[in-house]
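A.B. asks: File start.pdb follows (PDB, C-alpha atoms):
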ATOM      1  CA  MET A  24     112.122  94.379 131.115
ATOM      2  CA  ASP A  25     109.637  94.690 128.298
ATOM      3  CA  PHE A  26     107.593  92.025 126.599
ATOM      4  CA  LEU A  27     109.730  91.722 123.444
ATOM      5  CA  THR A  28     112.961  91.385 125.401
ATOM      6  CA  VAL A  29     111.409  88.618 127.499
ATOM      7  CA  PHE A  30     110.067  86.999 124.342
ATOM      8  CA  ILE A  31     113.423  87.128 122.556
ATOM      9  CA  ALA A  32     115.333  85.921 125.600
ATOM     10  CA  GLY A  33     112.840  83.063 126.027
ATOM     11  CA  THR A  34     113.108  81.795 122.459
ATOM     12  CA  GLY A  35     116.829  82.283 121.838
ATOM     13  CA  ALA A  36     119.493  79.732 122.673
ATOM     14  CA  PRO A  37     121.238  81.038 125.792
ATOM     15  CA  GLY A  38     124.981  81.329 125.457
ATOM     16  CA  THR A  39     125.164  80.250 121.833
ATOM     17  CA  ASP A  40     124.707  83.674 120.281
ATOM     18  CA  GLY A  41     125.053  86.098 123.115
ATOM     19  CA  SER A  42     126.222  89.033 121.010
ATOM     20  CA  THR A  43     123.161  88.964 118.713
ATOM     21  CA  LEU A  44     120.842  88.652 121.711
ATOM     22  CA  ASN A  45     122.468  91.602 123.455
ATOM     23  CA  ALA A  46     122.334  93.729 120.318
ATOM     24  CA  THR A  47     118.633  92.940 119.879
ATOM     25  CA  GLN A  48     117.914  93.630 123.532
ATOM     26  CA  SER A  49     119.843  96.867 123.328
ATOM     27  CA  LEU A  50     117.943  97.951 120.207
ATOM     28  CA  THR A  51     114.612  97.110 121.852
ATOM     29  CA  ALA A  52     115.531  99.022 124.988
ATOM     30  CA  ARG A  53     116.764 102.039 123.015
ATOM     31  CA  THR A  54     113.587 102.090 120.904
ATOM     32  CA  GLY A  55     111.509 101.744 124.079
ATOM     33  CA  ASN A  56     113.340 104.685 125.648
ATOM     34  CA  LEU A  57     112.687 106.784 122.547
ATOM     35  CA  PHE A  58     108.939 106.101 122.725
ATOM     36  CA  HIS A  59     108.758 106.486 126.506
ATOM     37  CA  ARG A  60     110.348 109.939 126.257
ATOM     38  CA  TYR A  61     106.930 111.085 124.959
ATOM     39  CA  ALA A  62     104.919 109.091 127.518
ATOM     40  CA  ASN A  63     105.157 111.839 130.124
ATOM     41  CA  PRO A  64     101.611 113.348 130.249
ATOM     42  CA  GLY A  65     102.836 116.880 130.998
ATOM     43  CA  ARG A  66     105.303 116.816 128.103
ATOM     44  CA  PHE A  67     102.685 115.343 125.780
ATOM     45  CA  LEU A  68     100.116 118.011 126.726
ATOM     46  CA  ARG A  69     102.624 120.811 126.114
ATOM     47  CA  MET A  70     103.649 119.330 122.739
ATOM     48  CA  GLY A  71     100.022 118.606 121.796
ATOM     49  CA  ALA A  72      98.938 122.185 122.548
ATOM     50  CA  LYS A  73     101.686 123.505 120.261
ATOM     51  CA  LEU A  74     100.917 121.004 117.476
ATOM     52  CA  GLN A  75      97.104 121.393 117.543
ATOM     53  CA  PRO A  76      96.779 124.675 115.560
ATOM     54  CA  TRP A  77      99.330 123.430 112.987
ATOM     55  CA  LEU A  78      97.022 120.516 112.223
ATOM     56  CA  THR A  79      93.612 122.156 112.650
ATOM     57  CA  TRP A  80      93.866 125.312 110.508
ATOM     58  CA  PRO A  81      95.695 123.771 107.497
ATOM     59  CA  ALA A  82      93.209 120.877 107.626
ATOM     60  CA  LEU A  83      90.282 123.303 107.472
ATOM     61  CA  ALA A  84      91.818 125.429 104.706
ATOM     62  CA  LEU A  85      92.879 122.487 102.509
ATOM     63  CA  SER A  86      89.562 120.624 102.956
ATOM     64  CA  ILE A  87      87.474 123.707 102.077
ATOM     65  CA  ALA A  88      89.700 124.495  99.050
ATOM     66  CA  GLY A  89      89.552 120.877  97.827
ATOM     67  CA  ILE A  90      85.787 120.554  98.299
ATOM     68  CA  VAL A  91      84.979 123.866  96.576
ATOM     69  CA  TRP A  92      87.368 123.008  93.715
ATOM     70  CA  GLY A  93      85.985 119.500  93.343
ATOM     71  CA  LEU A  94      82.358 120.528  93.599
ATOM     72  CA  PHE A  95      82.339 123.639  91.401
ATOM     73  CA  PHE A  96      85.506 123.966  89.302
ATOM     74  CA  SER A  97      86.750 120.472  88.368
ATOM     75  CA  PRO A  98      85.406 119.020  85.108
ATOM     76  CA  ALA A  99      82.725 116.337  84.899
ATOM     77  CA  ASP A 100      83.889 112.907  83.754
ATOM     78  CA  TRP A 101      83.038 111.968  80.152
ATOM     79  CA  GLN A 102      81.517 108.655  81.332
ATOM     80  CA  GLN A 103      80.443 109.254  84.933
ATOM     81  CA  GLY A 104      79.242 112.816  84.488
ATOM     82  CA  ASP A 105      78.956 114.853  87.695
ATOM     83  CA  SER A 106      78.928 111.719  89.884
ATOM     84  CA  VAL A 107      82.705 111.744  89.678
ATOM     85  CA  ARG A 108      82.603 114.613  92.222
ATOM     86  CA  ILE A 109      81.728 112.062  94.919
ATOM     87  CA  MET A 110      85.283 110.783  94.427
ATOM     88  CA  TYR A 111      86.694 113.923  96.143
ATOM     89  CA  VAL A 112      85.178 112.838  99.455
ATOM     90  CA  HIS A 113      85.049 109.053  98.921
ATOM     91  CA  VAL A 114      88.748 108.474  98.113
ATOM     92  CA  PRO A 115      90.116 110.504 101.076
ATOM     93  CA  THR A 116      87.795 108.671 103.491
ATOM     94  CA  ALA A 117      88.863 105.312 101.993
ATOM     95  CA  TRP A 118      92.527 106.278 102.440
ATOM     96  CA  LEU A 119      91.845 107.405 106.029
ATOM     97  CA  ALA A 120      89.876 104.263 106.884
ATOM     98  CA  SER A 121      92.942 102.144 106.063
ATOM     99  CA  SER A 122      95.631 104.494 107.387
ATOM    100  CA  GLY A 123      93.594 105.081 110.569
ATOM    101  CA  TYR A 124      93.563 101.350 111.179
ATOM    102  CA  MET A 125      97.300 101.246 110.436
ATOM    103  CA  ALA A 126      97.772 103.859 113.181
ATOM    104  CA  LEU A 127      95.632 101.701 115.474
ATOM    105  CA  ALA A 128      97.823  98.673 114.697
ATOM    106  CA  VAL A 129     100.994 100.677 115.446
ATOM    107  CA  CYS A 130      99.472 101.764 118.784
ATOM    108  CA  SER A 131      98.638  98.113 119.478
ATOM    109  CA  LEU A 132     102.258  97.141 118.795
ATOM    110  CA  LEU A 133     103.552  99.916 121.071
ATOM    111  CA  SER A 134     101.128  98.793 123.754
ATOM    112  CA  LEU A 135     101.967  95.097 123.552
ATOM    113  CA  VAL A 136     105.743  95.425 123.181
ATOM    114  CA  TRP A 137     106.629  98.512 125.203
ATOM    115  CA  ARG A 138     103.504  98.938 127.372
ATOM    116  CA  HIS A 139     103.345 102.538 126.247
ATOM    117  CA  PRO A 140     100.556 104.251 128.241
ATOM    118  CA  LEU A 141      99.799 106.882 125.591
ATOM    119  CA  ALA A 142      99.498 104.185 122.909
ATOM    120  CA  ASP A 143      96.580 102.656 124.821
ATOM    121  CA  LEU A 144      94.828 106.005 125.170
ATOM    122  CA  ALA A 145      95.503 106.774 121.486
ATOM    123  CA  ALA A 146      93.991 103.417 120.471
ATOM    124  CA  VAL A 147      90.856 104.243 122.507
ATOM    125  CA  GLU A 148      90.523 107.576 120.693
ATOM    126  CA  ILE A 149      91.403 106.427 117.159
ATOM    127  CA  GLY A 150      88.736 103.665 117.175
ATOM    128  CA  PRO A 151      85.538 105.791 117.065
ATOM    129  CA  VAL A 152      87.021 108.325 114.613
ATOM    130  CA  GLY A 153      88.236 105.541 112.305
ATOM    131  CA  ALA A 154      84.887 103.724 112.482
ATOM    132  CA  SER A 155      82.997 106.942 111.603
ATOM    133  CA  ILE A 156      85.297 107.627 108.651
ATOM    134  CA  THR A 157      84.952 104.017 107.414
ATOM    135  CA  ALA A 158      81.151 104.316 107.648
ATOM    136  CA  VAL A 159      81.324 107.524 105.571
ATOM    137  CA  CYS A 160      83.557 105.733 103.048
ATOM    138  CA  LEU A 161      81.045 102.883 102.695
ATOM    139  CA  ALA A 162      78.074 105.290 102.480
ATOM    140  CA  THR A 163      79.669 107.597  99.900
ATOM    141  CA  GLY A 164      80.692 104.520  97.903
ATOM    142  CA  SER A 165      77.073 103.373  97.896
ATOM    143  CA  LEU A 166      75.920 106.856  96.888
ATOM    144  CA  TRP A 167      78.296 106.651  93.932
ATOM    145  CA  GLY A 168      77.395 103.035  93.143
ATOM    146  CA  LYS A 169      73.647 103.583  92.834
ATOM    147  CA  PRO A 170      73.769 105.971  89.820
ATOM    148  CA  MET A 171      76.873 104.299  88.280
ATOM    149  CA  TRP A 172      76.348 100.574  88.862
ATOM    150  CA  GLY A 173      72.594 100.697  89.401
ATOM    151  CA  THR A 174      72.876  99.179  92.874
ATOM    152  CA  TRP A 175      73.720 100.391  96.383
ATOM    153  CA  TRP A 176      75.845  97.372  97.233
ATOM    154  CA  VAL A 177      77.559  94.328  95.727
ATOM    155  CA  TRP A 178      79.492  91.638  97.596
ATOM    156  CA  ASP A 179      82.607  92.692  95.757
ATOM    157  CA  ALA A 180      86.035  91.900  97.282
ATOM    158  CA  ARG A 181      86.946  95.578  97.822
ATOM    159  CA  LEU A 182      83.586  96.528  99.344
ATOM    160  CA  THR A 183      83.438  93.431 101.522
ATOM    161  CA  SER A 184      86.991  93.854 102.838
ATOM    162  CA  VAL A 185      86.223  97.487 103.767
ATOM    163  CA  LEU A 186      83.039  96.320 105.506
ATOM    164  CA  VAL A 187      85.203  93.835 107.458
ATOM    165  CA  LEU A 188      87.459  96.778 108.394
ATOM    166  CA  PHE A 189      84.397  98.632 109.739
ATOM    167  CA  PHE A 190      83.482  95.606 111.883
ATOM    168  CA  LEU A 191      87.109  95.394 113.104
ATOM    169  CA  TYR A 192      86.863  99.008 114.258
ATOM    170  CA  LEU A 193      83.551  98.267 116.026
ATOM    171  CA  GLY A 194      85.050  95.158 117.646
ATOM    172  CA  HIS A 195      88.022  97.169 118.873
ATOM    173  CA  ILE A 196      85.748  99.878 120.324
ATOM    174  CA  ALA A 197      83.668  97.258 122.141
ATOM    175  CA  LEU A 198      86.620  95.160 123.364
ATOM    176  CA  ILE A 199      88.701  98.021 124.753
ATOM    177  CA  ARG A 200      85.755  99.064 126.956
ATOM    178  CA  ALA A 201      84.584  95.549 127.840
ATOM    179  CA  PHE A 202      86.621  94.978 131.031
ATOM    180  CA  ASP A 203      86.328  96.522 134.492
ATOM    181  CA  GLU A 204      90.112  96.564 134.668
ATOM    182  CA  PRO A 205      91.229  98.894 131.809
ATOM    183  CA  GLN A 206      94.625  97.176 131.325
ATOM    184  CA  ARG A 207      92.943  93.911 130.356
ATOM    185  CA  GLY A 208      90.799  95.750 127.816
ATOM    186  CA  TYR A 209      93.840  97.508 126.357
ATOM    187  CA  ARG A 210      95.687  94.211 125.975
ATOM    188  CA  ALA A 211      92.787  92.304 124.400
ATOM    189  CA  ALA A 212      92.022  95.179 122.015
ATOM    190  CA  ALA A 213      95.708  95.503 121.086
ATOM    191  CA  ILE A 214      95.773  91.843 120.022
ATOM    192  CA  LEU A 215      92.661  92.416 117.905
ATOM    193  CA  GLY A 216      94.205  95.613 116.505
ATOM    194  CA  LEU A 217      97.325  93.774 115.387
ATOM    195  CA  ALA A 218      95.515  90.697 114.053
ATOM    196  CA  GLY A 219      93.046  92.880 112.150
ATOM    197  CA  ALA A 220      95.873  94.589 110.272
ATOM    198  CA  VAL A 221      95.906  91.557 107.949
ATOM    199  CA  ASP A 222      92.787  93.093 106.346
ATOM    200  CA  LEU A 223      94.767  96.128 105.109
ATOM    201  CA  PRO A 224      96.751  94.376 102.331
ATOM    202  CA  ILE A 225      93.571  92.498 101.403
ATOM    203  CA  ILE A 226      91.793  95.847 100.901
ATOM    204  CA  LYS A 227      94.730  97.262  98.948
ATOM    205  CA  PHE A 228      95.240  94.308  96.598
ATOM    206  CA  SER A 229      91.626  93.076  96.382
ATOM    207  CA  VAL A 230      91.153  94.808  93.034
ATOM    208  CA  GLN A 231      94.197  92.947  91.644
ATOM    209  CA  TRP A 232      93.679  89.539  93.266
ATOM    210  CA  TRP A 233      90.011  89.211  92.344
ATOM    211  CA  ASN A 234      87.877  90.237  89.409
ATOM    212  CA  THR A 235      85.991  93.049  91.126
ATOM    213  CA  LEU A 236      83.305  95.496  90.050
ATOM    214  CA  HIS A 237      85.219  98.199  91.924
ATOM    215  CA  GLN A 238      87.717  99.840  89.572
ATOM    216  CA  PRO A 239      91.483  99.367  90.086
ATOM    217  CA  ASP A 240      93.642 102.082  91.678
ATOM    218  CA  SER A 241      93.935 105.263  89.606
ATOM    219  CA  ILE A 242      96.967 106.484  91.583
ATOM    220  CA  THR A 243      99.933 104.224  92.279
ATOM    221  CA  VAL A 244     103.399 104.822  93.723
ATOM    222  CA  THR A 245     105.223 103.371  90.727
ATOM    223  CA  GLY A 246     103.117 104.385  87.706
ATOM    224  CA  ALA A 247     101.709 107.641  86.392
ATOM    225  CA  PRO A 248      98.152 108.452  87.535
ATOM    226  CA  THR A 249      95.385 107.458  85.123
ATOM    227  CA  MET A 250      93.463 110.590  85.992
ATOM    228  CA  SER A 251      93.405 114.114  84.605
ATOM    229  CA  THR A 252      95.502 116.679  86.501
ATOM    230  CA  SER A 253      92.407 118.884  86.789
ATOM    231  CA  MET A 254      90.869 116.135  88.942
ATOM    232  CA  LEU A 255      94.102 115.145  90.669
ATOM    233  CA  TRP A 256      94.626 118.550  92.321
ATOM    234  CA  PRO A 257      91.307 118.803  94.204
ATOM    235  CA  LEU A 258      91.633 115.129  95.151
ATOM    236  CA  GLY A 259      95.128 115.787  96.553
ATOM    237  CA  LEU A 260      93.863 118.788  98.516
ATOM    238  CA  THR A 261      90.940 116.944 100.117
ATOM    239  CA  THR A 262      93.129 113.915 100.869
ATOM    240  CA  LEU A 263      95.758 116.046 102.601
ATOM    241  CA  GLY A 264      93.139 118.197 104.341
ATOM    242  CA  PHE A 265      91.144 115.205 105.612
ATOM    243  CA  THR A 266      94.345 113.485 106.795
ATOM    244  CA  LEU A 267      95.407 116.546 108.794
ATOM    245  CA  GLY A 268      91.814 116.831 110.083
ATOM    246  CA  PHE A 269      91.886 113.211 111.231
ATOM    247  CA  GLY A 270      95.157 113.932 113.047
ATOM    248  CA  ALA A 271      93.718 117.100 114.609
ATOM    249  CA  ILE A 272      90.572 115.343 115.870
ATOM    250  CA  VAL A 273      92.517 112.384 117.298
ATOM    251  CA  LEU A 274      95.046 114.733 118.932
ATOM    252  CA  ALA A 275      92.283 116.832 120.523
ATOM    253  CA  ARG A 276      90.550 113.691 121.817
ATOM    254  CA  LEU A 277      93.848 112.302 123.101
ATOM    255  CA  ARG A 278      94.691 115.550 124.907
ATOM    256  CA  ALA A 279      91.223 115.520 126.494
ATOM    257  CA  SER A 280      91.699 111.875 127.466
ATOM    258  CA  VAL A 281      95.068 112.598 129.159
ATOM    259  CA  MET A 282      93.502 115.520 131.048
ATOM    260  CA  GLU A 283      90.528 113.380 132.125
ATOM    261  CA  SER A 284      92.944 110.712 133.337
ATOM    262  CA  ARG A 285      94.839 113.346 135.337
ATOM    263  CA  ILE A 286      91.567 114.622 136.840
ATOM    264  CA  ARG A 287      90.646 111.085 137.940
ATOM    265  CA  THR A 288      94.096 110.610 139.515
ATOM    266  CA  ILE A 289      93.920 113.917 141.426
ATOM    267  CA  LEU A 290      90.380 113.210 142.663
ATOM    268  CA  ALA A 291      91.363 109.687 143.767
ATOM    269  CA  ALA A 292      94.416 111.087 145.607
ATOM    270  CA  ASN A 293      92.234 113.707 147.316
ATOM    271  CA  ARG A 294      89.741 111.025 148.397
ATOM    272  CA  GLY A 295      92.601 108.878 149.734
ATOM    273  CA  ARG A 296      94.032 111.829 151.686
ATOM    274  CA  GLN A 297      90.615 112.642 153.166
ATOM    275  CA  SER A 298      89.984 109.044 154.260
ATOM    276  CA  ALA A 299      93.494 108.833 155.804
ATOM    277  CA  ASN A 300      93.063 112.142 157.695
ATOM    278  CA  PRO A 301      89.355 112.545 158.470
ATOM    279  CA  ALA A 302      88.228 116.040 159.467
ATOM    280  CA  PRO A 303      87.901 116.466 163.266
ATOM    281  CA  LYS A 304      84.395 116.439 164.728
ATOM    282  CA  PRO A 305      83.121 119.813 166.047
ATOM    283  CA  ASP A 306      82.919 118.617 169.706
ATOM    284  CA  SER A 307      86.410 117.006 169.696
ATOM    285  CA  ALA A 308      87.990 120.494 169.414
ATOM    286  CA  ALA A 309      86.310 121.572 172.680
ATOM    287  CA  VAL A 310      87.672 118.491 174.506
TER
ATOM    288  CA  MET B  10      68.928 111.183  85.223
ATOM    289  CA  THR B  11      70.301 113.837  87.536
ATOM    290  CA  HIS B  12      73.032 112.785  89.952
ATOM    291  CA  LEU B  13      72.697 115.889  92.099
ATOM    292  CA  PRO B  14      70.876 114.229  95.069
ATOM    293  CA  TYR B  15      73.601 111.575  95.325
ATOM    294  CA  ILE B  16      76.364 114.177  95.197
ATOM    295  CA  LEU B  17      74.673 116.408  97.780
ATOM    296  CA  ALA B  18      73.998 113.422 100.060
ATOM    297  CA  ALA B  19      77.644 112.294  99.853
ATOM    298  CA  TYR B  20      79.020 115.768 100.632
ATOM    299  CA  GLY B  21      76.375 116.429 103.297
ATOM    300  CA  LEU B  22      77.119 113.160 105.057
ATOM    301  CA  THR B  23      80.895 113.696 104.952
ATOM    302  CA  LEU B  24      80.710 117.276 106.218
ATOM    303  CA  GLY B  25      78.091 116.323 108.839
ATOM    304  CA  VAL B  26      80.212 113.515 110.303
ATOM    305  CA  ALA B  27      83.366 115.678 110.187
ATOM    306  CA  THR B  28      81.531 118.498 111.986
ATOM    307  CA  VAL B  29      80.123 116.203 114.685
ATOM    308  CA  LEU B  30      83.561 114.644 115.327
ATOM    309  CA  SER B  31      85.294 118.049 115.418
ATOM    310  CA  VAL B  32      82.733 119.755 117.675
ATOM    311  CA  ASN B  33      82.641 116.750 120.008
ATOM    312  CA  ALA B  34      86.458 116.749 120.298
ATOM    313  CA  ALA B  35      86.574 120.531 120.862
ATOM    314  CA  ILE B  36      83.871 120.475 123.568
ATOM    315  CA  ARG B  37      85.477 117.498 125.313
ATOM    316  CA  LEU B  38      88.887 119.183 125.280
ATOM    317  CA  ARG B  39      87.499 122.481 126.599
ATOM    318  CA  THR B  40      85.551 120.744 129.391
ATOM    319  CA  ALA B  41      88.577 118.665 130.438
ATOM    320  CA  ARG B  42      90.850 121.723 130.392
ATOM    321  CA  ARG B  43      88.447 123.742 132.574
ATOM    322  CA  ARG B  44      87.902 120.892 135.050
ATOM    323  CA  LEU B  45      91.632 120.257 135.336
ATOM    324  CA  ALA B  46      92.325 123.953 135.872
ATOM    325  CA  ALA B  47      89.615 124.122 138.563
ATOM    326  CA  ILE B  48      91.035 121.078 140.380
ATOM    327  CA  GLU B  49      94.675 122.097 140.108
ATOM    328  CA  GLN B  50      94.129 125.727 141.181
ATOM    329  CA  PRO B  51      93.525 125.073 144.917
ATOM    330  CA  ARG B  52      96.516 122.685 144.971
ATOM    331  CA  THR B  53      98.868 125.349 143.658
ATOM    332  CA  ARG B  54      97.625 127.860 146.259
ATOM    333  CA  GLN B  55      98.503 125.559 149.158
ATOM    334  CA  PRO B  56     101.788 126.410 150.890
ATOM    335  CA  SER B  57     104.488 123.873 150.112
TER
END
Go ahead and render the structure in this file as structure tokens.
C.D. replies:
Amino acid sequence: MDFLTVFIAGTGAPGTDGSTLNATQSLTARTGNLFHRYANPGRFLRMGAKLQPWLTWPALALSIAGIVWGLFFSPADWQQGDSVRIMYVHVPTAWLASSGYMALAVCSLLSLVWRHPLADLAAVEIGPVGASITAVCLATGSLWGKPMWGTWWVWDARLTSVLVLFFLYLGHIALIRAFDEPQRGYRAAAILGLAGAVDLPIIKFSVQWWNTLHQPDSITVTGAPTMSTSMLWPLGLTTLGFTLGFGAIVLARLRASVMESRIRTILAANRGRQSANPAPKPDSAAV
Amino acid sequence: MTHLPYILAAYGLTLGVATVLSVNAAIRLRTARRRLAAIEQPRTRQPS
């Protein structure tokens, strides 16, 4: 029985609303079964090997096309001049910093609720990639801020909340490796991963909630973009390319991690077999 | 004031980090695949 089922059964009133409880338990179990279908390492490795080229090559093609377009063919901004070209790498890394942490939070949920073994390994692998991307986002933001604002850094709500996100990534990386028993590390890091997700809406809405130096969003789901189409296209290409690249890197790391785990298991089994059946001594054969 | 150094630094940093992450992942995957193949090969040769 998984954690959520125990939790629900523990907090509900037994016998008063049995049908709702059973429906919830059934839904939880069915969802758990769906996720656990992909927990088999062999199945995951086969699926991962098939998926890898479909992520890697489009990521490379789209990123190169977007970067070349943004760097050489898109127009300069009438106010920012050529510095606007930094946007084509800064915005995709900002998007990935947040969505990478969202993926980490989903893995944390899968780990805590359904004890999904691949979710733990995925969380281990997403952490360093997400932290690197967030560091690039902060650095490219500073490189844009110096010529535009005249300063490398301000304690603006958007910048500060992204810096907090970077520290959350670092905390997760440290915590997941901090215990001798890996399961304890996975559990502690999953709690941090879920709790840290509260920073994501703060990042998103910081430019609306506070009077920030950082400009508001130029692209929204509901409204038309406040950006020229000639700039929107290269930005879309780099964003899509970087996102696929992030997926490709995490998938490659996760496949390697599953293989390394399998190697450790085989070696441990071999050691156990050797200690249970020690090789006969040379003189014992003569006796 | 030219903004070229800032632009080049931003693109250089992004591409540098992306390259390091990609190469690291590729090398790790290749090493793990080779080690696993080397370990599993003798097991498959054993008579069942």
A.B. asks: For the structure shown, which residues end up in the PyMOL selection byres ((chain A) within 9 of (chain B))? Put them as number ranges by chain, please?
C.D. replies: A: 90, 94, 104-109, 112-113, 116, 152, 155-156, 159-160, 162-164, 166-167, 169-170, 268-269, 271-283, 285-286, 289-290
A.B. asks: Could you state the separation of atom CA of A:Ser184 and atom CA of A:Ile225 in Å, given to one decimal place?
C.D. replies: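 Between atom CA of A:Ser184 and atom CA of A:Ile225 the gap is 6.9 Å.
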A.B. asks: What does the distance between atom CA of A:Gly65 and atom CA of A:Asp143 come to in Å, to one decimal place?
C.D. replies: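 Computing the Euclidean distance for atom CA of A:Gly65 and atom CA of A:Asp143 yields 16.7 Å.
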A.B. asks: Got a sec to resolve the PyMOL selection byres ((chain A and resi 234-241) around 8) on this structure and send the residues as a PyMOL selection string?
C.D. replies: chain A and resi 179-182+229-233+242-243+248-250
A.B. asks: Measure the distance from atom CA of A:Val221 to atom CA of A:Leu188 in Å and round it to one decimal.
C.D. replies: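 Calculated distance between atom CA of A:Val221 and atom CA of A:Leu188 is 9.9 Å.
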A.B. asks: Around the point (100.3, 97.9, 117.9) in the file's coordinates, collect all residues with an atom within 9 Å, using all atoms listed in the file, and return them as a ChimeraX atom specification.
C.D. replies: /A:125-136,142,146,213-214,216-217
